[in-house]
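So the structure is just underneath, and the comments pick up after that.
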Amino acid sequence: SLRGHRGVKYHIVDVRNDFRKPLADGQLDTLPIPGSDITLTLDLELQSYGEHLMQGKRGAIVAIEPSTGEILTIVSAPTFATDLLTGLERGRHYDSLLRDPSKPLFNRTVRATYRPGSIFKMIQGLIALDEGVIHPDSRIVCNRDIIGCHGQHSFDNLQEAIVHSCNPYFHEVMKRMVQSGKSENIFKDASEGLSRWTPRIKQFGLGTDLGGILPGLRSGSVPDTALYDRMYGTKRWAYSTIYSISIGEGELLTTPVHMANLAAIMANRGWYRTPHSVRDVGGKGKPEHLDSLVHTGVSDYAFGPIVNAMQTVIESVQGTGGKARVPGIKVCGKTGTVQDGERQTHSVFMAFAPRDNPQIALSVYVENAGSGGDWAAPIASLIIEKYLTGEVTQSAKEQLILSATYPFPEH
């Protein structure tokens with residue numbers, strides 16, 4: 001075990017509890033057994049750099065090696081000096097940290113749950129393609145009377161809809177999957193449709209503990225018929241009641257680890273290894289089943305147009321992720337702008353790089369900082385460049401990030 005075992009010495013004492021002699025000449029004594037050494041998967045230099053970038057901010061960075069599921073960096077911000085919780089003053093320091101409104105004791109990487117926002121649209125597209133509900137060239141009118149949207153587009157195909165983050169497109173895509181018309185009763189039809197939809201979403205790891213390997217990881221939430229039956233009454237709701245989940249809002253909740261794992265799924269074109277942070281225990285390698293292989297059940301072909309769109313998000317002038325560009329490296333990503341009640345939105349970004357033979361997949365969250373392209377995307381760019389090249393050449397971008405602190409100004 002990591003802890004090891006204590007050694008034991010038996011001896012005889014007198015009435016004053018003073019030592020007299022070893023019991024049985026010491027033959028019953030045992031030697032201590034040291035605990036096993038543990039080697040983590042974390043890249044120390046990248047971890048340190050991620051913490052440096054997140055100074056003065058609230059949020060998280062999680063990076064994974066797609067082929068292995070090994071966690072490269074896992075940063076929760078703000079953090080605190082661990083030596084504050086040692087020594088005679090630890091009680092006072094703990095109380096101070098506990099009352100801090102920025103919640104430095106709260107591990108946002110595994111415990112914070114956020115709506116996935118626009119990033120979720122890629123999963124909708126993948127499942128719809130796999131089920132034949134749409135094809136890559138399917139165009140849908142951007143009807144903003146149904147649900148709000150933004151930008152200059154009106155009749156996108158799938159790739160364009162991801163690049164423009166078109167809300168009406170994915171409203172219609174999910175409607176075709178959930179309110180498919182297989183039953184004349186719209187309430188029964190929606191219930192049966194959602195019963196097919198929910199398990200497919202969970203195949204991407206959302207709404208699960210991802211194998212239970214990471215201590216304290218929350219599962220998040222993927223709504224099912226039982227949830228909506230409790231909220232609205234059995235068979236008393238239809239797609240028109242729940243459509244906010246089509247664009248990653250509503251009752252959907254994910255952690256930064258789930259989003260980084262989703263980036264790994266995209267990098268691998270449909271599969272992932274259980275995210276984990278242990279590479280070796282006691283020189284015996286990884287514990288068994290630590291990196292189990294999980295398939296999403298989505299055919300390979302469906303990932304082509306989605307990955308093309310993720311690259312366009314970064315490289316096109318119309319894309320929202322231009323600040324995630326890295327010199328000489330093809331980055332594929334997706335921005336997210338996630339609602340937080342009446343407060344400013346969270347800035348979210350997920351990506352993998354390079355496009356071919358990906359080495360890193362990551363998610364970045366900056367709380368109440370505005371759009372995903374403004375702050376989370378450039379942080380991801382710096383992390384990717386640091387990991388893949390060992391240095392950072394984007395000094396102006398780096399200085400901008402380091403100078404930005406919470407609270408962020410409204411845009």
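For the structure tokens, the naming scheme is as follows: chains receive sequential letters (A, B, ...) according to their order of presentation, residues are indexed from 1 within each chain, and ligands are indexed from 1 in presentation order.
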### Message
Residues of range 144-232 of chain A classed as alpha helix (DSSP H) by DSSP on the backbone are to be reported as number ranges by chain.
### Response
A: 158-164, 167-178, 186-202, 225-232
### Message
Show me, as a VMD selection string, the residues that have an atom within 12 Å of Ser316 in chain A when counting only C-alpha atoms, minus same-chain residues fewer than 3 positions from it.
### Response
chain A and resid 160 163 to 164 308 to 313 319 to 325 331 to 333
Save the residues we just selected, C-alpha atoms, as a compact mmCIF listing (two decimals), in the first residue's frame?
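Writing the result to again07.txt gives the following:
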```txt
# COMPACT_ATOMS: atom_id res chain seq x y z
CA GLU A 160 -21.19 25.83 -40.57
CA VAL A 163 -18.58 27.18 -36.51
CA HIS A 164 -21.35 29.77 -36.10
CA ASN A 308 -13.31 19.77 -39.67
CA ALA A 309 -15.62 22.24 -37.96
CA MET A 310 -13.44 22.29 -34.83
CA GLN A 311 -10.43 23.22 -36.97
CA THR A 312 -12.45 25.89 -38.76
CA VAL A 313 -13.53 27.35 -35.39
CA GLY A 319 -14.71 31.19 -36.11
CA THR A 320 -15.06 32.07 -32.45
CA GLY A 321 -11.80 30.42 -31.34
CA GLY A 322 -9.19 32.44 -33.23
CA LYS A 323 -7.34 33.30 -30.02
CA ALA A 324 -6.58 29.60 -29.55
CA ARG A 325 -4.26 29.50 -32.58
CA VAL A 331 -5.56 23.09 -33.22
CA CYS A 332 -9.15 21.81 -33.21
CA GLY A 333 -11.48 23.34 -30.63
```
### Query
Looking at A:Pro32, A:Pro78, A:Gly297, A:Gly250, which one is nearest to Arg269 in chain A, with distances taken over only C-alpha atoms?
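The answer is A:Gly297, which sits nearest to Arg269 in chain A.
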### Message
Quick one: residues within 8 Å of His276 in chain A, only C-alpha atoms, excluding same-chain residues fewer than 4 positions away - as a count of residues only?
### Response
8
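One distance worth recording is that between CA of Ser371 in chain A and CA of Ile247 in chain A, which is 15.4 Å.
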### Å distance separating CA of Leu42 in chain A from CA of Pro256 in chain A, one decimal place
16.2 Å
### Message
Need the shell around Gly283 in chain A: protein/DNA/RNA residues with any atom at most 10 Å away, counting only C-alpha atoms. Skip same-chain ones fewer than 2 positions apart. Format as a list of chain:residue names?
### Response
A:Ser36, A:Asp37, A:Ile38, A:Thr39, A:Arg279, A:Asp280, A:Val281, A:Gly285, A:Lys286
### Task
Once DSSP has gone over the backbone, tell me which residues of range 249-366 of chain A are in strand (DSSP E or B), as a count of residues only.
42
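One distance worth recording is that between CA of Gln359 in chain A and CA of Arg273 in chain A, which is 13.8 Å.
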### Query
In terms of the shortest atom-to-atom distance over only C-alpha atoms, which of A:Lys121, A:Ile401, A:Lys57, A:Cys166 is closest to Lys103 in chain A?
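Residue with the minimum atom-to-atom distance to Lys103 in chain A: A:Lys57.
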### Nearest to Val392 in chain A by atom-to-atom distance, counting only C-alpha atoms, from A:Val326, A:Leu362, A:Val222, A:Leu40
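Closest to Val392 in chain A of all the choices is A:Val326.
Residue nearest Phe187 in chain A within the list A:Lys21, A:Arg343, A:Lys235, A:His289: A:Lys235 [criterion: smallest interatomic distance, only C-alpha atoms].
Remark: for Phe204 in chain A, the closest of the candidate residues A:Gly151, A:Gly390, A:Gly270, A:Gly117 is A:Gly270 (distances computed over only C-alpha atoms).
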### Query
Any idea what's packed within 9 Å of Ile74 in chain A, counting only C-alpha atoms, ignoring anything in its chain fewer than 2 positions away? Could you give it as an MDAnalysis selection string?
chainID A and resid 42 47 50 60:64 71:72 76 109 257
